[in-house]
$ cat upload00.pdb   # PDB, C-alpha atoms
MODEL        1
ATOM      1  CA  MET P 278     -13.414  -3.691 -21.117
ATOM      2  CA  SER P 279     -12.650   0.022 -21.023
ATOM      3  CA  ALA P 280     -15.815   0.616 -23.089
ATOM      4  CA  ALA P 281     -17.742   0.127 -19.834
ATOM      5  CA  ILE P 282     -16.095   3.267 -18.410
ATOM      6  CA  PHE P 283     -16.608   6.935 -19.193
ATOM      7  CA  VAL P 284     -15.027  10.177 -17.970
ATOM      8  CA  VAL P 285     -17.095  12.728 -16.057
ATOM      9  CA  ASP P 286     -16.956  16.255 -17.475
ATOM     10  CA  THR P 287     -17.371  19.086 -14.942
ATOM     11  CA  PRO P 288     -16.782  22.840 -15.327
ATOM     12  CA  LEU P 289     -13.934  22.808 -12.787
ATOM     13  CA  SER P 290     -12.061  19.936 -14.436
ATOM     14  CA  HIS P 291     -13.144  20.171 -18.056
ATOM     15  CA  GLU P 292      -9.662  20.495 -19.555
ATOM     16  CA  ARG P 293      -8.134  17.673 -17.485
ATOM     17  CA  ALA P 294     -11.163  15.432 -18.099
ATOM     18  CA  ALA P 295     -11.101  16.061 -21.843
ATOM     19  CA  LEU P 296      -7.376  15.269 -22.027
ATOM     20  CA  LEU P 297      -7.830  12.076 -20.003
ATOM     21  CA  ALA P 298     -10.774  10.917 -22.128
ATOM     22  CA  ALA P 299      -8.789  11.512 -25.326
ATOM     23  CA  ARG P 300      -5.689   9.743 -23.990
ATOM     24  CA  LEU P 301      -7.656   6.692 -22.863
ATOM     25  CA  SER P 302     -10.105   6.750 -25.800
ATOM     26  CA  LEU P 303     -13.065   6.975 -23.442
ATOM     27  CA  PRO P 304     -16.346   8.859 -23.897
ATOM     28  CA  LEU P 305     -16.793  12.142 -22.020
ATOM     29  CA  PHE P 306     -20.181  12.868 -20.442
ATOM     30  CA  GLU P 307     -21.385  15.599 -18.117
ATOM     31  CA  PHE P 308     -23.989  13.313 -16.579
ATOM     32  CA  MET P 309     -24.534   9.582 -16.283
ATOM     33  CA  PRO P 310     -25.430   8.335 -19.785
ATOM     34  CA  PRO P 311     -28.635   6.343 -20.216
ATOM     35  CA  ASP P 312     -26.686   3.338 -21.522
ATOM     36  CA  VAL P 313     -26.821   0.806 -18.682
ATOM     37  CA  GLY P 314     -23.721  -0.856 -20.106
ATOM     38  CA  TYR P 315     -21.516   1.683 -18.310
ATOM     39  CA  VAL P 316     -20.164   0.167 -15.109
ATOM     40  CA  ALA P 317     -17.927   2.935 -13.774
ATOM     41  CA  ALA P 318     -16.679   6.474 -14.331
ATOM     42  CA  LEU P 319     -13.381   8.309 -13.959
ATOM     43  CA  GLN P 320     -13.804  11.675 -12.288
ATOM     44  CA  PHE P 321     -11.513  14.431 -11.065
ATOM     45  CA  CYS P 322     -12.551  15.359  -7.535
ATOM     46  CA  ASP P 323     -10.681  18.292  -5.995
ATOM     47  CA  ASP P 324      -7.016  17.395  -6.578
ATOM     48  CA  HIS P 325      -7.309  13.672  -7.283
ATOM     49  CA  LEU P 326      -8.601  11.218  -9.886
ATOM     50  CA  GLN P 327     -11.089   8.613  -8.761
ATOM     51  CA  LEU P 328     -12.916   5.634 -10.226
ATOM     52  CA  LEU P 329     -16.481   5.337  -9.041
ATOM     53  CA  PRO P 330     -19.182   2.745  -9.748
ATOM     54  CA  ALA P 331     -21.986   3.912 -11.998
ATOM     55  CA  ASP P 332     -24.409   2.264  -9.576
ATOM     56  CA  ALA P 333     -24.689   4.566  -6.559
ATOM     57  CA  LYS P 334     -25.707   1.562  -4.423
ATOM     58  CA  GLN P 335     -22.223   0.091  -4.711
ATOM     59  CA  SER P 336     -19.311   1.053  -2.480
ATOM     60  CA  GLY P 337     -17.616   4.416  -2.816
ATOM     61  CA  PRO P 338     -14.937   5.639  -5.217
ATOM     62  CA  VAL P 339     -11.423   4.219  -5.574
ATOM     63  CA  CYS P 340      -8.374   6.455  -5.746
ATOM     64  CA  VAL P 341      -4.650   6.221  -4.996
ATOM     65  CA  ASP P 342      -3.475   8.211  -1.994
ATOM     66  CA  PHE P 343       0.036   7.629  -0.687
ATOM     67  CA  CYS P 344      -0.237  10.459   1.823
ATOM     68  CA  GLY P 345      -2.421   8.840   4.461
ATOM     69  CA  GLY P 346      -4.656   5.983   5.534
ATOM     70  CA  ALA P 347      -3.341   2.449   5.029
ATOM     71  CA  ASN P 348      -0.190   3.712   3.364
ATOM     72  CA  ALA P 349       0.668   5.779   6.432
ATOM     73  CA  TYR P 350       0.327   2.598   8.508
ATOM     74  CA  ARG P 351       2.735   0.809   6.188
ATOM     75  CA  LEU P 352       5.301   3.552   6.725
ATOM     76  CA  GLN P 353       5.065   2.962  10.462
ATOM     77  CA  GLY P 354       6.170  -0.659  10.117
ATOM     78  CA  GLY P 355       3.160  -2.616   8.885
ATOM     79  CA  ALA P 356       3.219  -5.226   6.126
ATOM     80  CA  GLU P 357       6.752  -6.447   6.889
ATOM     81  CA  LEU P 358       6.079  -9.971   5.586
ATOM     82  CA  ILE P 359       6.197  -8.899   1.954
ATOM     83  CA  VAL P 360       9.536  -7.171   2.547
ATOM     84  CA  LYS P 361      10.975 -10.338   4.053
ATOM     85  CA  ALA P 362       9.713 -12.410   1.131
ATOM     86  CA  VAL P 363      11.086 -10.050  -1.512
ATOM     87  CA  ARG P 364      14.368  -9.060   0.115
ATOM     88  CA  GLY P 365      15.261 -12.450   1.570
ATOM     89  CA  ARG P 366      18.643 -12.038   3.236
ATOM     90  CA  SER P 367      20.048  -9.799   0.527
ATOM     91  CA  LYS P 368      21.946  -6.783   1.836
ATOM     92  CA  GLU P 369      22.254  -5.046  -1.513
ATOM     93  CA  THR P 370      19.746  -2.548  -2.910
ATOM     94  CA  LEU P 371      17.583  -4.800  -5.042
ATOM     95  CA  ARG P 372      15.886  -3.984  -8.327
ATOM     96  CA  VAL P 373      12.326  -5.248  -8.032
ATOM     97  CA  LEU P 374       9.812  -5.600 -10.842
ATOM     98  CA  ASP P 375       6.213  -5.440  -9.660
ATOM     99  CA  ALA P 376       4.669  -6.996 -12.754
ATOM    100  CA  THR P 377       1.057  -6.554 -11.595
ATOM    101  CA  ALA P 378       1.209  -3.178  -9.848
ATOM    102  CA  GLY P 379      -2.503  -2.464  -9.425
ATOM    103  CA  LEU P 380      -2.922   0.488  -7.079
ATOM    104  CA  GLY P 381       0.750   0.380  -6.097
ATOM    105  CA  ARG P 382       0.348  -0.435  -2.412
ATOM    106  CA  ASP P 383       2.815  -3.296  -2.289
ATOM    107  CA  SER P 384       5.288  -1.356  -4.423
ATOM    108  CA  PHE P 385       4.984   1.504  -1.946
ATOM    109  CA  VAL P 386       5.886  -0.805   0.938
ATOM    110  CA  LEU P 387       8.924  -2.135  -0.895
ATOM    111  CA  ALA P 388      10.068   1.323  -1.975
ATOM    112  CA  SER P 389       9.729   2.584   1.594
ATOM    113  CA  ARG P 390      12.314  -0.050   2.609
ATOM    114  CA  GLY P 391      14.842   1.272   0.105
ATOM    115  CA  LEU P 392      14.143  -1.062  -2.811
ATOM    116  CA  HIS P 393      13.967   0.298  -6.365
ATOM    117  CA  VAL P 394      10.628  -0.774  -7.831
ATOM    118  CA  GLN P 395       9.703  -0.828 -11.506
ATOM    119  CA  MET P 396       5.915  -1.102 -11.722
ATOM    120  CA  LEU P 397       3.998  -2.530 -14.659
ATOM    121  CA  GLU P 398       0.238  -2.166 -14.975
ATOM    122  CA  ARG P 399      -1.579  -3.571 -17.991
ATOM    123  CA  SER P 400      -4.844  -1.668 -17.554
ATOM    124  CA  PRO P 401      -4.626   1.957 -18.731
ATOM    125  CA  ILE P 402      -7.458   2.815 -16.322
ATOM    126  CA  ILE P 403      -5.696   1.495 -13.237
ATOM    127  CA  ALA P 404      -2.411   2.945 -14.467
ATOM    128  CA  ALA P 405      -4.051   6.374 -14.725
ATOM    129  CA  LEU P 406      -5.207   6.143 -11.091
ATOM    130  CA  LEU P 407      -1.739   5.075  -9.960
ATOM    131  CA  ALA P 408       0.007   7.774 -11.996
ATOM    132  CA  ASP P 409      -2.271  10.375 -10.427
ATOM    133  CA  GLY P 410      -1.388   9.187  -6.928
ATOM    134  CA  LEU P 411       2.327   9.196  -7.693
ATOM    135  CA  GLU P 412       2.164  12.691  -9.158
ATOM    136  CA  ARG P 413       0.456  14.094  -6.068
ATOM    137  CA  ALA P 414       2.913  12.329  -3.768
ATOM    138  CA  HIS P 415       5.835  13.788  -5.723
ATOM    139  CA  HIS P 416       4.593  17.304  -4.907
ATOM    140  CA  CYS P 417       3.165  16.816  -1.414
ATOM    141  CA  GLY P 418       5.950  18.673   0.397
ATOM    142  CA  ASP P 419       6.799  15.625   2.535
ATOM    143  CA  ALA P 420      10.492  14.842   1.939
ATOM    144  CA  ARG P 421      10.192  11.265   3.204
ATOM    145  CA  LEU P 422       7.214  10.504   0.968
ATOM    146  CA  GLU P 423       8.852  12.135  -2.029
ATOM    147  CA  GLU P 424      11.937   9.976  -1.459
ATOM    148  CA  ILE P 425       9.810   6.813  -1.428
ATOM    149  CA  VAL P 426       7.858   7.535  -4.605
ATOM    150  CA  GLY P 427      11.173   8.520  -6.176
ATOM    151  CA  ASN P 428      12.006   4.799  -5.931
ATOM    152  CA  MET P 429       8.807   3.885  -7.830
ATOM    153  CA  LEU P 430       8.703   3.990 -11.624
ATOM    154  CA  LEU P 431       5.439   3.223 -13.434
ATOM    155  CA  GLN P 432       5.019   1.923 -16.959
ATOM    156  CA  GLN P 433       1.644   1.064 -18.490
ATOM    157  CA  MET P 434       2.426  -2.196 -20.262
ATOM    158  CA  ASP P 435       1.597  -5.883 -20.372
ATOM    159  CA  ALA P 436       4.040  -7.737 -18.134
ATOM    160  CA  SER P 437       4.528 -10.730 -20.422
ATOM    161  CA  THR P 438       5.428  -8.464 -23.327
ATOM    162  CA  TYR P 439       7.820  -6.485 -21.145
ATOM    163  CA  LEU P 440       9.568  -9.574 -19.789
ATOM    164  CA  ALA P 441       9.882 -11.194 -23.201
ATOM    165  CA  GLU P 442      11.786  -8.163 -24.499
ATOM    166  CA  LEU P 443      14.350  -7.960 -21.669
ATOM    167  CA  THR P 444      18.014  -8.648 -22.347
ATOM    168  CA  PRO P 445      19.955 -10.627 -19.701
ATOM    169  CA  GLU P 446      21.583  -7.407 -18.490
ATOM    170  CA  GLN P 447      18.129  -5.958 -17.818
ATOM    171  CA  HIS P 448      16.818  -8.862 -15.733
ATOM    172  CA  PRO P 449      15.478  -7.634 -12.372
ATOM    173  CA  ASP P 450      16.716  -9.112  -9.121
ATOM    174  CA  VAL P 451      13.205  -9.991  -7.943
ATOM    175  CA  ILE P 452       9.887 -10.210  -9.761
ATOM    176  CA  TYR P 453       6.762  -9.735  -7.668
ATOM    177  CA  LEU P 454       3.348 -11.005  -8.795
ATOM    178  CA  ASP P 455       0.014 -10.254  -7.191
ATOM    179  CA  PRO P 456      -2.592 -11.927  -9.428
ATOM    180  CA  MET P 457      -6.122 -10.646  -9.066
ATOM    181  CA  PHE P 458      -7.989 -12.947  -6.704
ATOM    182  CA  PRO P 459     -10.685 -14.998  -8.440
ATOM    183  CA  ALA P 460     -14.121 -13.426  -8.728
ATOM    184  CA  SER P 461     -15.582 -16.268  -6.632
ATOM    185  CA  ASP P 462     -13.340 -15.384  -3.680
ATOM    186  CA  LYS P 463     -15.640 -14.277  -0.841
ATOM    187  CA  SER P 464     -12.896 -13.383   1.624
ATOM    188  CA  ALA P 465     -12.315  -9.984   3.164
ATOM    189  CA  LEU P 466      -9.352  -9.640   0.809
ATOM    190  CA  VAL P 467     -11.764  -8.831  -1.992
ATOM    191  CA  LYS P 468     -12.169  -5.206  -0.992
ATOM    192  CA  LYS P 469     -14.336  -2.638  -2.732
ATOM    193  CA  GLU P 470     -11.736  -1.813  -5.350
ATOM    194  CA  MET P 471     -11.061  -5.496  -6.057
ATOM    195  CA  ARG P 472     -14.760  -6.192  -6.579
ATOM    196  CA  LEU P 473     -14.970  -3.273  -8.988
ATOM    197  CA  PHE P 474     -11.749  -4.273 -10.754
ATOM    198  CA  GLN P 475     -12.976  -7.845 -11.167
ATOM    199  CA  GLN P 476     -16.165  -6.535 -12.733
ATOM    200  CA  LEU P 477     -14.243  -4.304 -15.125
ATOM    201  CA  PHE P 478     -10.934  -5.988 -15.882
ATOM    202  CA  HIS P 479     -10.946  -9.674 -14.891
ATOM    203  CA  GLY P 480     -11.160 -11.749 -18.075
ATOM    204  CA  ALA P 481     -10.221 -14.902 -19.887
ATOM    205  CA  ASP P 482      -6.965 -13.361 -21.104
ATOM    206  CA  ASP P 483      -5.478 -13.370 -17.603
ATOM    207  CA  ASN P 484      -2.758 -15.957 -18.298
ATOM    208  CA  TYR P 485      -0.938 -15.932 -14.982
ATOM    209  CA  ASP P 486       0.485 -19.418 -15.583
ATOM    210  CA  GLU P 487       2.480 -18.123 -18.540
ATOM    211  CA  LEU P 488       3.471 -14.996 -16.620
ATOM    212  CA  LEU P 489       4.836 -17.047 -13.726
ATOM    213  CA  ASP P 490       6.854 -19.239 -16.075
ATOM    214  CA  LEU P 491       8.328 -16.229 -17.864
ATOM    215  CA  SER P 492       9.048 -14.489 -14.560
ATOM    216  CA  ARG P 493      10.998 -17.495 -13.298
ATOM    217  CA  GLN P 494      13.142 -17.305 -16.428
ATOM    218  CA  ARG P 495      13.850 -13.588 -15.974
ATOM    219  CA  ALA P 496      14.288 -13.045 -12.214
ATOM    220  CA  ARG P 497      17.939 -13.023 -11.149
ATOM    221  CA  LEU P 498      17.287 -14.043  -7.533
ATOM    222  CA  ARG P 499      13.656 -14.979  -6.948
ATOM    223  CA  VAL P 500      10.004 -14.639  -7.896
ATOM    224  CA  VAL P 501       7.501 -13.817  -5.139
ATOM    225  CA  VAL P 502       3.798 -14.518  -5.648
ATOM    226  CA  LYS P 503       1.087 -13.191  -3.344
ATOM    227  CA  ARG P 504      -1.757 -15.646  -2.771
ATOM    228  CA  PRO P 505      -4.775 -16.038  -0.474
ATOM    229  CA  ARG P 506      -3.407 -18.048   2.451
ATOM    230  CA  LYS P 507      -5.403 -21.229   1.811
ATOM    231  CA  SER P 508      -5.322 -21.195  -1.988
ATOM    232  CA  GLU P 509      -3.373 -23.474  -4.298
ATOM    233  CA  PRO P 510      -0.036 -22.203  -5.653
ATOM    234  CA  LEU P 511      -0.251 -20.221  -8.870
ATOM    235  CA  ALA P 512      -0.195 -22.567 -11.888
ATOM    236  CA  ASN P 513       0.012 -25.405  -9.340
ATOM    237  CA  ALA P 514       3.753 -24.737  -9.271
ATOM    238  CA  ARG P 515       5.118 -25.682  -5.860
ATOM    239  CA  PRO P 516       7.272 -22.867  -4.420
ATOM    240  CA  ASP P 517      10.644 -23.389  -2.826
ATOM    241  CA  TYR P 518       9.213 -21.967   0.379
ATOM    242  CA  ALA P 519       6.364 -19.752   1.538
ATOM    243  CA  LEU P 520       5.820 -17.090   4.186
ATOM    244  CA  GLU P 521       2.322 -17.067   5.668
ATOM    245  CA  GLY P 522       0.370 -14.261   7.263
ATOM    246  CA  LYS P 523      -3.144 -14.269   8.698
ATOM    247  CA  SER P 524      -4.885 -13.895   5.346
ATOM    248  CA  VAL P 525      -2.209 -13.984   2.638
ATOM    249  CA  ARG P 526       0.762 -16.130   1.713
ATOM    250  CA  PHE P 527       3.907 -15.254  -0.216
ATOM    251  CA  ASP P 528       5.169 -18.130  -2.358
ATOM    252  CA  VAL P 529       8.856 -17.789  -3.211
ATOM    253  CA  TYR P 530      10.529 -19.369  -6.248
ATOM    254  CA  VAL P 531      14.311 -19.197  -5.992
ATOM    255  CA  SER P 532      16.259 -18.565  -9.198
ATOM    256  CA  ALA P 533      19.811 -18.471  -7.826
ATOM    257  CA  PRO P 534      20.600 -21.749  -6.020
ATOM    258  CA  ASP P 535      23.222 -20.154  -3.814
ATOM    259  CA  GLN P 536      20.766 -17.714  -2.226
ATOM    260  CA  PRO P 537      20.063 -18.456   1.474
ATOM    261  CA  VAL P 538      16.486 -19.234   2.376
ATOM    262  CA  PRO P 539      15.126 -17.047   5.198
ATOM    263  CA  THR P 540      13.405 -18.734   8.087
ATOM    264  CA  PRO P 541       9.626 -18.176   7.814
TER     265      PRO P 541
ENDMDL
END
$ encode --input "upload00.pdb" --output "C-alpha cells"
Amino acid sequence: MSAAIFVVDTPLSHERAALLAARLSLPLFEFMPPDVGYVAALQFCDDHLQLLPADAKQSGPVCVDFCGGANAYRLQGGAELIVKAVRGRSKETLRVLDATAGLGRDSFVLASRGLHVQMLERSPIIAALLADGLERAHHCGDARLEEIVGNMLLQQMDASTYLAELTPEQHPDVIYLDPMFPASDKSALVKKEMRLFQQLFHGADDNYDELLDLSRQRARLRVVVKRPRKSEPLANARPDYALEGKSVRFDVYVSAPDQPVPTP
C-alpha cells in the first residue's frame, strides 16, 4: 500500500528527498496533495527520517532513534525476557534472524547482549526508517552504541522468500518472529506507530502461519514468537514452552531436542 504514502520535498532536504522518492517509487510533493487517499508522508527532519500521518489530528511522527528514549532504557537492563527466550541456556554467540524486524527495537536488545542479528523487513517504507536509524547510530560517536549496531544487519526482503532460499549451512541458530498485532487489538501494545503501520501495511497477504512453519524448518535451535500475553499461539501451534511478561508472551518452539529448556 505504498501508494498511500508520499515524500515531502523541502529546500533543506530536496536532494535526499528526491533520491528517497525515486528509490521507493513514491511521489514527491512540497505540500500535502489534495488527494485524500494519502495516509502518511516520509519527511527528512533535521538529521533523521520520519513517517508522519497525513491527518494532523493523529499522533505524531514515527522515526527510529537508537540513541535515547526507550532504547536507552533497554541498554540499562530492561526487556530481559526476550533475551532469555532467544538465548535459552546457550553460551555460544548465537546467529539470530529477526524475520519481522519492524523498527528494530527487539533486534537492538538482542544485539546489545552480544548476539549477531540479521534483520529482515518486508516493507520498503519501514526498512527505510530502520536503515536511517542504523546509519545515524553508526556515526553517533558513542563506541558502545556503534558496537551494538555493528551486530545488526538489515536486509529489505520478504522473510518467507529469504528462508526458502537458505542452504542448510546458512540456517540461523534462532529465528525470531514478531507478527503485527491484529488491527482489532485495543491493548496498550498497539502504540502510535503500530496503529499507523496497521493502517498502511496490514493486509490479507500476511501469512504468518506459513512463515512459522518455514521458520521451524530452518532454525537450528529454536523459533521464538512474540505474542500478546492472552492471545492464542500463532497458527494455533502449541509451543514447547512460553515465557510470560505483564503484557507479552514469548512462545518458544525447540528445533534441537537436546537443548535444555530454561525455567520460565
$ atom_distance --input "upload00.pdb" --atom1 "atom CA of Gln432 of chain P" --atom2 "atom CA of Leu397 of chain P"
5.1 Å
$ residues_around --input "upload00.pdb" --residues "Pro516 of chain P" --least-positions-apart "2" --cutoff "7 Å" --atoms "only C-alpha atoms" --output "JSON, numbers by chain"
{"P": [514, 518, 519, 528, 529, 530]}
$ closest_atom_pairs --input "upload00.pdb" --of "segment 284-391 of chain P" --to "segment 485-499 of chain P" --cutoff "9 Å" --atoms "all atoms listed in the file" --output "tab-separated table"
residue	atom	partner	partner_atom	distance
P:Val363	CA	P:Arg499	CA	7.8
P:Leu374	CA	P:Ala496	CA	8.8
P:Ala376	CA	P:Ser492	CA	8.9
$ atom_distance --input "upload00.pdb" --atom1 "atom CA of Asp375 of chain P" --atom2 "atom CA of Arg506 of chain P"
20.0 Å
$ resolve_selection --input "upload00.pdb" --expression "the PyMOL selection byres ((chain P and resi 410) around 10)" --output "list in words"
Asp324, His325, Leu326, Gln327, Cys340, Val341, Asp342, Phe343, Cys344, Leu380, Gly381, Ala404, Ala405, Leu406, Leu407, Ala408, Asp409, Leu411, Glu412, Arg413, Ala414, His415 and Val426 of chain P
$ atom_distance --input "upload00.pdb" --atom1 "atom CA of Ala441 of chain P" --atom2 "atom CA of Ala378 of chain P"
17.8 Å
$ resolve_selection --input "upload00.pdb" --expression "the PyMOL selection byres ((chain P and resi 505) around 8)" --output "MDAnalysis selection string"
chainID P and resid 458 466 503:504 506:508 524:526
$ closest_residue --input "upload00.pdb" --among "P:Cys322, P:Val285, P:Ala294, P:Leu520" --to "Phe308 of chain P" --atoms "only C-alpha atoms"
P:Val285
$ resolve_selection --input "upload00.pdb" --expression "the PyMOL selection byres ((chain P and resi 287) around 10)" --output "number ranges by chain"
P: 284-286, 288-295, 305-308, 320-322
$ residues_around --input "upload00.pdb" --residues "Val373 of chain P" --least-positions-apart "5" --cutoff "9 Å" --atoms "all atoms listed in the file" --output "PDB file with C-alpha atoms, in the frame of the given file"
ATOM      1  CA  VAL P 363      11.086 -10.050  -1.512  1.00  0.00           C
ATOM      2  CA  SER P 384       5.288  -1.356  -4.423  1.00  0.00           C
ATOM      3  CA  LEU P 387       8.924  -2.135  -0.895  1.00  0.00           C
ATOM      4  CA  LEU P 392      14.143  -1.062  -2.811  1.00  0.00           C
ATOM      5  CA  HIS P 393      13.967   0.298  -6.365  1.00  0.00           C
ATOM      6  CA  VAL P 394      10.628  -0.774  -7.831  1.00  0.00           C
ATOM      7  CA  GLN P 395       9.703  -0.828 -11.506  1.00  0.00           C
ATOM      8  CA  MET P 396       5.915  -1.102 -11.722  1.00  0.00           C
ATOM      9  CA  PRO P 449      15.478  -7.634 -12.372  1.00  0.00           C
ATOM     10  CA  ASP P 450      16.716  -9.112  -9.121  1.00  0.00           C
ATOM     11  CA  VAL P 451      13.205  -9.991  -7.943  1.00  0.00           C
ATOM     12  CA  ILE P 452       9.887 -10.210  -9.761  1.00  0.00           C
ATOM     13  CA  TYR P 453       6.762  -9.735  -7.668  1.00  0.00           C
TER      14      TYR P 453
END
$ axis_aligned_box --input "upload00.pdb" --around "segment 373-391 of chain P" --padding-each-side "5 Å" --output "AutoDock Vina command-line options"
--center_x 6.0 --center_y -2.2 --center_z -5.1 --size_x 27.8 --size_y 19.6 --size_z 25.4
$ closest_residue --input "upload00.pdb" --among "P:Ala420, P:Ala512, P:Ile402, P:Leu297" --to "Leu328 of chain P" --atoms "only C-alpha atoms"
P:Ile402
